[in-house]
Amino acid sequence: MKNLYAFWVSQPPDPTMSYDLWLGFRNEVFGLLVGCVLAGAAVIIGLYIWQSRKLTIRSPRDPFVRFVPMRLLWLAFLPGIVVGIVYAVRYAKVFPFAQISATGGAVGAALLSAFGTYVIGQVAMWLPGVTPRKFLYHPRWPWRLLSRRRT
Amino acid sequence: MNTLICAGGSGVRVLEALLHLCAAGLGPASLRLLVIDPDSANGNGARVTNLVESYLEGHRRFAGRLGDGLNFFRTELDLLDVGGRSAGLKTWSPIEKGQRLREVLNVDLLDSTATPPELVRLFFTHDEINMDLTQGFRGHPSVGAAAMSLVALKKGEQPWSQLIEKLRGDLAHDQGARVFLAGSVFGGTGAATFYPIARFLRTVPEVNHSRLKVAAGALSPYFRFEAASSGTDSAASRQAAKAERFPLATRSAVDFYEQLRFNAVADRGPFDAFYWVGDDSPLSVPYAPGGPSQNNPSHFVELVMALAAVDFFLDPGDLQGASCYAGSNGTGVEAFLDWDDLPLSRLDREKIRRSLLRFFLAGTVHLGFSGPLVRLPEIEAFPYRVPWYWERFASKGDSLSTESSRAGLDFLDRFFRDQHFSWWLDLHGRDAVRLFNRSALNGNGEVRLDRLTNLLWPDRAGESDPDAIDSFYSEMMKVPKKRGGESGAAAYLALLAHAADRFIDSHYTKTGTKE
């Protein structure tokens with residue numbers, strides 16, 4: 001587990017950096033990342049539960065219209081953007097003389113945050129009781145994501 | 001085995017009501033049918049003949065395939081077919097086309113016998129003796145009874161020989177044979193049928209006489225009309241059935257059957273039970289002498305009589321001596337017919353109301369929502385979008401798009417739109433009938449989906465719930481997977497029925513059916 005903790009920033013990008021400062025920065029960013037992912041996922045799931053329950057079936061074609069609540073998963077990019085920006089700002093502040101740009105680390109942290117938020121949100125949608133039974137199979141299950149739709 | 005003998009136009013409309021009850025799962029396990037009507041071409045007869053054919057198709061498609069607890073179309077009909085010949089509802093007539101009473105009774109041959117021809121004039125007028133009977137007895141039960149009394153001479157012919165053979169077969173079993181005669185006592189054919197046919201039926205058993213139970217369902221006046229030729233003195237006018245004669249004819253019939261009851265030897269009259277049903281506010285219908293133009297709308301009195309038949313078939317062993325049942329207003333408001341006013345002696349009122357409502361709901365949702373839904377091309381492309389379809393059909397390799405399933409769905413369309421809901425609409429043609437909510441029926445054979453939660457009377461005016469179908473759709477998802485029909489259209493209808501049950505529990509138990 002120790003090796004997995006913030007594995008993508010286990011070593012400072014610039015060997016001339018203070019290792020202690022780097023560890024502090026790493027912990028700060030990782031804490032922010034986890035917080036943003038959890039908060040983002042919670043917001044997505046909350047909105048999803050609310051919005052999917054607002055949807056009603058009134059005509060025979062309604063089950064086949066686009067399932068709008070799934071679009072909430074796009075919000076997973078928000079924690080990524082927040083984490084990326086905070087990463088860049090804090091990096092510049094903590095390591096003002098660093099010769100390595102913050103871009104790579106910020107993009108990596110942003111993508112990881114977005115991906116983590118998306119995965120948690122998607123899995124939560126598959127949990128019993130989250131998606132209303134009438135839309136049960138709209139969040140497609142993993143094995144059916146890979147399968148072709150029958151025509 | 002149960003046998004229903006329907007006499008005349010009112011009798012066949014009782015059969016119509018009974019078939020709708022059977023479709024909703026309230027009928028007996030089996031039912032043998034025979035219609036007695038000299039006017040076999042009358043409009044009511046044609047309508048009911050179509051309904052019988054439709055019911056038979058429903059029975060073939062759904063009976064025994066809906067799973068436990070669902071009896072839609074369960075009743076097996078025996079139409080007295082002989083060796084595959086002349087399949088369909090049998091209509092027997094005591095007279096042949098174009099015959100007059102003169103020919104039926106061989107009046108012209110009386111000269112050659114010891115019977116003086118003038119004797120006939122003691123019982124019949126000149127017009128009656130010469131009346132063309134092709135379109136029935138036109139409110140002349142004395143003419144009809146004379147013709148019906150000749151039934152004993154026809155016992156070697158179909159359909160009587162077949163019926164007699166089957167009744168004797170029934171009498172060999174403990175359950176015996178139950179025969180219910182339905183018709184009006186104020187018209188011609190029905191009034192003429194009860195006693196001659198019941199008396200004839202009593203001659204059928206060779207052994208186990210007590211196992212034959214015969215009941216009569218006598219309809220007293222519930223509609224009226226003015227003769228088209230009223231005011232003229234033509235023979236047609238004199239022969240025409242006249243509404244003003246109905247009360248007198250009914251009174252005479254009541255006196256006659258009361259006498260039969262009192263004079264029954266050893267408590268063994270022709271009838272084991274007598275059900276009387278009528279309406280004190282008769283419905284006005286246009287006069288039609290007979291033929292296709294005689295196509296009166298259905299009436300709640302026929303529903304009540306059909307329930308009486310179900311009541312009798314339930315367990316005639318319960319009947320003690322010659323029983324007489326009469327309808328009452330129950331606890332309902334006078335002059336209105338509410339569920340509480342249905343005169344049930346042994347049937348469970350709540351079960352009847354719930355069964356009819358369940359069938360009504362299933363039909364409503366099928367016609368307005370799920371029928372069109374399962375016919376969309378998207379259902380095969382994206383079956384998982386409709387979870388109940390995915391779980392119960394597509395994931396099991398079943399489909400509602402096969403030819404056989406589509407035929408079942410098309411049948412449900414026709415049955416509910418053209419027959420079942422039209423019949424209920426007829427029944428609710430008057431404000432006095434307060435069973436279902438008339439406002440929910442939109443007149444073209446369909447029911448408004450936004451009134452799904454208010455299908456029972458009273459109408460909650462102004463209420464419209466477009467999300468009611470969403471609620472029903474959700475109930476379809478909650479039906480346990482083990483509950484359901486065999487496959488195809490049967491599984492689909494079973495799902496609708498179970499969802500309707502849940503819907504009733506959640507939307508009607510507090511607001512409707514328990515009121």
# chains A, B, ... in the order shown; residues from 1 in each chain; ligands from 1
$ select_by_dssp --residues "segment 258-477 of chain B" --states "strand (DSSP E or B)" --output "number ranges by chain"
B: 273-277, 283-284, 323-326, 337-338, 433-434, 436, 441, 447, 456
$ write_last_selection --atoms "N, CA, C and O atoms" --output "short mmCIF file (atom, residue, chain, number, x, y, z; two decimals), in the first residue's frame"
data_model
loop_
_atom_site.label_atom_id
_atom_site.label_comp_id
_atom_site.auth_asym_id
_atom_site.auth_seq_id
_atom_site.Cartn_x
_atom_site.Cartn_y
_atom_site.Cartn_z
N ALA B 273 -84.19 -22.73 -8.70
CA ALA B 273 -83.96 -21.34 -8.27
C ALA B 273 -84.53 -20.42 -9.32
O ALA B 273 -84.56 -20.76 -10.52
N PHE B 274 -84.94 -19.29 -8.88
CA PHE B 274 -85.50 -18.29 -9.80
C PHE B 274 -84.90 -16.93 -9.46
O PHE B 274 -85.00 -16.47 -8.33
N TYR B 275 -84.25 -16.34 -10.40
CA TYR B 275 -83.64 -15.03 -10.17
C TYR B 275 -84.43 -13.97 -10.95
O TYR B 275 -84.62 -14.11 -12.16
N TRP B 276 -84.89 -12.98 -10.25
CA TRP B 276 -85.64 -11.90 -10.91
C TRP B 276 -84.79 -10.62 -10.90
O TRP B 276 -84.31 -10.21 -9.84
N VAL B 277 -84.65 -10.02 -12.05
CA VAL B 277 -83.88 -8.77 -12.13
C VAL B 277 -84.60 -7.81 -13.07
O VAL B 277 -85.11 -8.22 -14.11
N LEU B 283 -84.92 1.82 -19.90
CA LEU B 283 -84.17 2.58 -20.91
C LEU B 283 -84.98 2.63 -22.20
O LEU B 283 -85.53 1.62 -22.64
N SER B 284 -85.06 3.81 -22.82
CA SER B 284 -85.77 3.94 -24.10
C SER B 284 -84.86 3.48 -25.23
O SER B 284 -83.73 3.95 -25.35
N SER B 323 -85.64 -21.98 -4.50
CA SER B 323 -85.22 -20.69 -3.97
C SER B 323 -85.61 -19.58 -4.93
O SER B 323 -85.65 -19.76 -6.13
N CYS B 324 -85.87 -18.44 -4.38
CA CYS B 324 -86.20 -17.28 -5.20
C CYS B 324 -85.32 -16.12 -4.75
O CYS B 324 -85.30 -15.78 -3.57
N TYR B 325 -84.54 -15.59 -5.67
CA TYR B 325 -83.65 -14.49 -5.33
C TYR B 325 -84.13 -13.22 -6.02
O TYR B 325 -84.51 -13.24 -7.18
N ALA B 326 -84.11 -12.14 -5.32
CA ALA B 326 -84.51 -10.87 -5.90
C ALA B 326 -83.46 -9.82 -5.62
O ALA B 326 -82.85 -9.83 -4.55
N LEU B 337 -77.10 2.62 -9.51
CA LEU B 337 -76.50 1.30 -9.37
C LEU B 337 -75.03 1.46 -9.03
O LEU B 337 -74.23 1.88 -9.86
N ASP B 338 -74.71 1.16 -7.79
CA ASP B 338 -73.33 1.22 -7.33
C ASP B 338 -72.87 -0.23 -7.13
O ASP B 338 -73.66 -1.16 -7.24
N VAL B 433 -75.74 4.47 -13.62
CA VAL B 433 -74.80 3.37 -13.41
C VAL B 433 -73.49 3.93 -12.86
O VAL B 433 -72.85 4.76 -13.50
N ARG B 434 -73.14 3.47 -11.70
CA ARG B 434 -71.97 4.03 -11.01
C ARG B 434 -71.01 2.93 -10.60
O ARG B 434 -70.74 2.71 -9.43
N PHE B 436 -67.92 1.79 -13.03
CA PHE B 436 -66.67 2.42 -13.45
C PHE B 436 -66.94 3.92 -13.70
O PHE B 436 -68.08 4.37 -13.71
N LEU B 441 -63.82 6.70 -19.95
CA LEU B 441 -64.01 6.04 -21.25
C LEU B 441 -64.18 7.13 -22.29
O LEU B 441 -65.10 7.94 -22.21
N VAL B 447 -59.56 3.94 -23.09
CA VAL B 447 -59.71 4.57 -21.78
C VAL B 447 -58.59 5.58 -21.62
O VAL B 447 -57.46 5.34 -22.06
N LEU B 456 -62.75 3.97 -11.21
CA LEU B 456 -64.01 3.63 -10.54
C LEU B 456 -64.81 4.89 -10.28
O LEU B 456 -64.25 5.97 -10.07
#
$ interface_residues --of "chain B" --to "chain A" --cutoff "6 Å" --atoms "only C-alpha atoms" --output "ChimeraX atom specification"
/B:369,373,381,384-385,470,474
$ write_last_selection --atoms "all heavy atoms" --output "JSON list (two decimals), in the first residue's frame"
[["chain", "number", "residue", "atom", "x", "y", "z"],
["B", 369, "PHE", "N", -50.75, 2.14, -23.80],
["B", 369, "PHE", "CA", -49.32, 2.30, -23.54],
["B", 369, "PHE", "C", -48.47, 1.08, -23.94],
["B", 369, "PHE", "O", -47.67, 1.14, -24.87],
["B", 369, "PHE", "CB", -49.11, 2.63, -22.06],
["B", 369, "PHE", "CG", -47.68, 2.81, -21.70],
["B", 369, "PHE", "CD1", -47.01, 3.99, -21.99],
["B", 369, "PHE", "CD2", -46.96, 1.79, -21.09],
["B", 369, "PHE", "CE1", -45.67, 4.14, -21.69],
["B", 369, "PHE", "CE2", -45.62, 1.93, -20.78],
["B", 369, "PHE", "CZ", -44.98, 3.12, -21.08],
["B", 373, "LEU", "N", -45.94, 0.23, -27.07],
["B", 373, "LEU", "CA", -44.54, 0.18, -26.67],
["B", 373, "LEU", "C", -43.85, -1.08, -27.22],
["B", 373, "LEU", "O", -42.76, -0.99, -27.81],
["B", 373, "LEU", "CB", -44.43, 0.21, -25.14],
["B", 373, "LEU", "CG", -43.08, -0.14, -24.53],
["B", 373, "LEU", "CD1", -42.03, 0.90, -24.88],
["B", 373, "LEU", "CD2", -43.18, -0.26, -23.01],
["B", 381, "ALA", "N", -34.13, -3.46, -30.74],
["B", 381, "ALA", "CA", -32.77, -2.90, -30.84],
["B", 381, "ALA", "C", -32.20, -2.60, -29.46],
["B", 381, "ALA", "O", -31.02, -2.82, -29.20],
["B", 381, "ALA", "CB", -32.81, -1.62, -31.69],
["B", 384, "TYR", "N", -33.01, -3.62, -23.37],
["B", 384, "TYR", "CA", -32.70, -3.32, -21.96],
["B", 384, "TYR", "C", -33.26, -1.99, -21.52],
["B", 384, "TYR", "O", -33.33, -1.69, -20.33],
["B", 384, "TYR", "CB", -31.18, -3.35, -21.74],
["B", 384, "TYR", "CG", -30.44, -2.42, -22.66],
["B", 384, "TYR", "CD1", -30.26, -1.09, -22.31],
["B", 384, "TYR", "CD2", -29.95, -2.87, -23.89],
["B", 384, "TYR", "CE1", -29.61, -0.23, -23.17],
["B", 384, "TYR", "CE2", -29.31, -2.02, -24.75],
["B", 384, "TYR", "CZ", -29.15, -0.69, -24.39],
["B", 384, "TYR", "OH", -28.51, 0.16, -25.25],
["B", 385, "ARG", "N", -33.68, -1.16, -22.47],
["B", 385, "ARG", "CA", -34.26, 0.14, -22.10],
["B", 385, "ARG", "C", -35.62, -0.05, -21.39],
["B", 385, "ARG", "O", -36.12, 0.86, -20.75],
["B", 385, "ARG", "CB", -34.46, 1.00, -23.34],
["B", 385, "ARG", "CG", -33.17, 1.46, -23.99],
["B", 385, "ARG", "CD", -32.63, 2.67, -23.27],
["B", 385, "ARG", "NE", -31.36, 3.12, -23.83],
["B", 385, "ARG", "CZ", -31.25, 4.07, -24.75],
["B", 385, "ARG", "NH1", -32.33, 4.63, -25.24],
["B", 385, "ARG", "NH2", -30.07, 4.42, -25.17],
["B", 470, "ASP", "N", -46.77, 6.27, -15.44],
["B", 470, "ASP", "CA", -45.41, 6.09, -14.92],
["B", 470, "ASP", "C", -45.44, 5.21, -13.67],
["B", 470, "ASP", "O", -44.61, 4.31, -13.49],
["B", 470, "ASP", "CB", -44.80, 7.45, -14.59],
["B", 470, "ASP", "CG", -43.40, 7.33, -14.04],
["B", 470, "ASP", "OD1", -42.48, 7.06, -14.83],
["B", 470, "ASP", "OD2", -43.22, 7.49, -12.82],
["B", 474, "SER", "N", -43.81, 1.53, -13.27],
["B", 474, "SER", "CA", -42.91, 1.15, -12.17],
["B", 474, "SER", "C", -43.41, -0.12, -11.48],
["B", 474, "SER", "O", -42.60, -0.96, -11.06],
["B", 474, "SER", "CB", -42.83, 2.29, -11.15],
["B", 474, "SER", "OG", -42.28, 3.43, -11.75]]
$ residues_around --residues "segment 98-110 of chain B" --least-positions-apart "2" --cutoff "12 Å" --atoms "only C-alpha atoms" --output "ChimeraX atom specification"
/B:38-39,93-96,112-121,123-137,140,142-151
$ residues_around --residues "Gly121 of chain A" --least-positions-apart "2" --cutoff "8 Å" --atoms "only C-alpha atoms" --output "mmCIF file with N, CA, C and O atoms, in the first residue's frame"
data_model
loop_
_atom_site.group_PDB
_atom_site.id
_atom_site.type_symbol
_atom_site.label_atom_id
_atom_site.label_comp_id
_atom_site.auth_asym_id
_atom_site.auth_seq_id
_atom_site.Cartn_x
_atom_site.Cartn_y
_atom_site.Cartn_z
ATOM 1 N N ALA A 41 -17.825 13.094 -6.694
ATOM 2 C CA ALA A 41 -18.661 11.898 -6.862
ATOM 3 C C ALA A 41 -19.973 12.050 -6.094
ATOM 4 O O ALA A 41 -21.048 11.682 -6.583
ATOM 5 N N ALA A 42 -19.868 12.629 -4.898
ATOM 6 C CA ALA A 42 -21.086 12.806 -4.092
ATOM 7 C C ALA A 42 -22.069 13.741 -4.789
ATOM 8 O O ALA A 42 -23.283 13.487 -4.834
ATOM 9 N N ILE A 44 -22.237 14.347 -8.017
ATOM 10 C CA ILE A 44 -22.770 13.674 -9.214
ATOM 11 C C ILE A 44 -23.879 12.696 -8.828
ATOM 12 O O ILE A 44 -24.961 12.674 -9.426
ATOM 13 N N ILE A 45 -23.613 11.886 -7.816
ATOM 14 C CA ILE A 45 -24.607 10.876 -7.423
ATOM 15 C C ILE A 45 -25.868 11.543 -6.863
ATOM 16 O O ILE A 45 -26.988 11.130 -7.162
ATOM 17 N N LEU A 73 -22.187 12.571 -15.536
ATOM 18 C CA LEU A 73 -20.833 12.029 -15.390
ATOM 19 C C LEU A 73 -19.782 12.975 -15.985
ATOM 20 O O LEU A 73 -18.608 12.908 -15.632
ATOM 21 N N THR A 117 -13.240 10.221 -10.107
ATOM 22 C CA THR A 117 -14.617 10.685 -9.885
ATOM 23 C C THR A 117 -15.582 9.936 -10.800
ATOM 24 O O THR A 117 -16.657 9.495 -10.388
ATOM 25 N N TYR A 118 -15.177 9.789 -12.068
ATOM 26 C CA TYR A 118 -16.027 9.099 -13.031
ATOM 27 C C TYR A 118 -16.282 7.650 -12.595
ATOM 28 O O TYR A 118 -17.421 7.181 -12.594
ATOM 29 N N VAL A 119 -15.208 6.973 -12.197
ATOM 30 C CA VAL A 119 -15.360 5.552 -11.833
ATOM 31 C C VAL A 119 -16.290 5.407 -10.627
ATOM 32 O O VAL A 119 -17.199 4.559 -10.619
ATOM 33 N N VAL A 123 -19.838 3.493 -10.915
ATOM 34 C CA VAL A 123 -20.110 2.299 -10.096
ATOM 35 C C VAL A 123 -21.302 2.548 -9.170
ATOM 36 O O VAL A 123 -22.153 1.676 -8.989
ATOM 37 N N ALA A 124 -21.368 3.752 -8.620
ATOM 38 C CA ALA A 124 -22.490 4.051 -7.719
ATOM 39 C C ALA A 124 -23.831 3.934 -8.442
ATOM 40 O O ALA A 124 -24.833 3.525 -7.869
ATOM 41 N N MET A 125 -23.841 4.291 -9.727
ATOM 42 C CA MET A 125 -25.092 4.198 -10.493
ATOM 43 C C MET A 125 -25.568 2.757 -10.642
ATOM 44 O O MET A 125 -26.736 2.490 -10.873
#
$ atom_distance --atom1 "atom CA of Gly278 of chain B" --atom2 "atom CA of Phe313 of chain B"
20.8 Å
$ closest_residue --among "A:Trp126, A:Trp8, A:Phe95, A:Tyr19" --to "Val107 of chain A" --atoms "only C-alpha atoms"
A:Trp8
$ residues_around --residues "Glu28 of chain A" --least-positions-apart "6" --cutoff "10 Å" --atoms "only C-alpha atoms" --output "PyMOL selection string"
chain A and resi 22+87+90
$ atom_distance --atom1 "atom CA of Leu33 of chain A" --atom2 "atom CA of Val83 of chain A"
6.0 Å
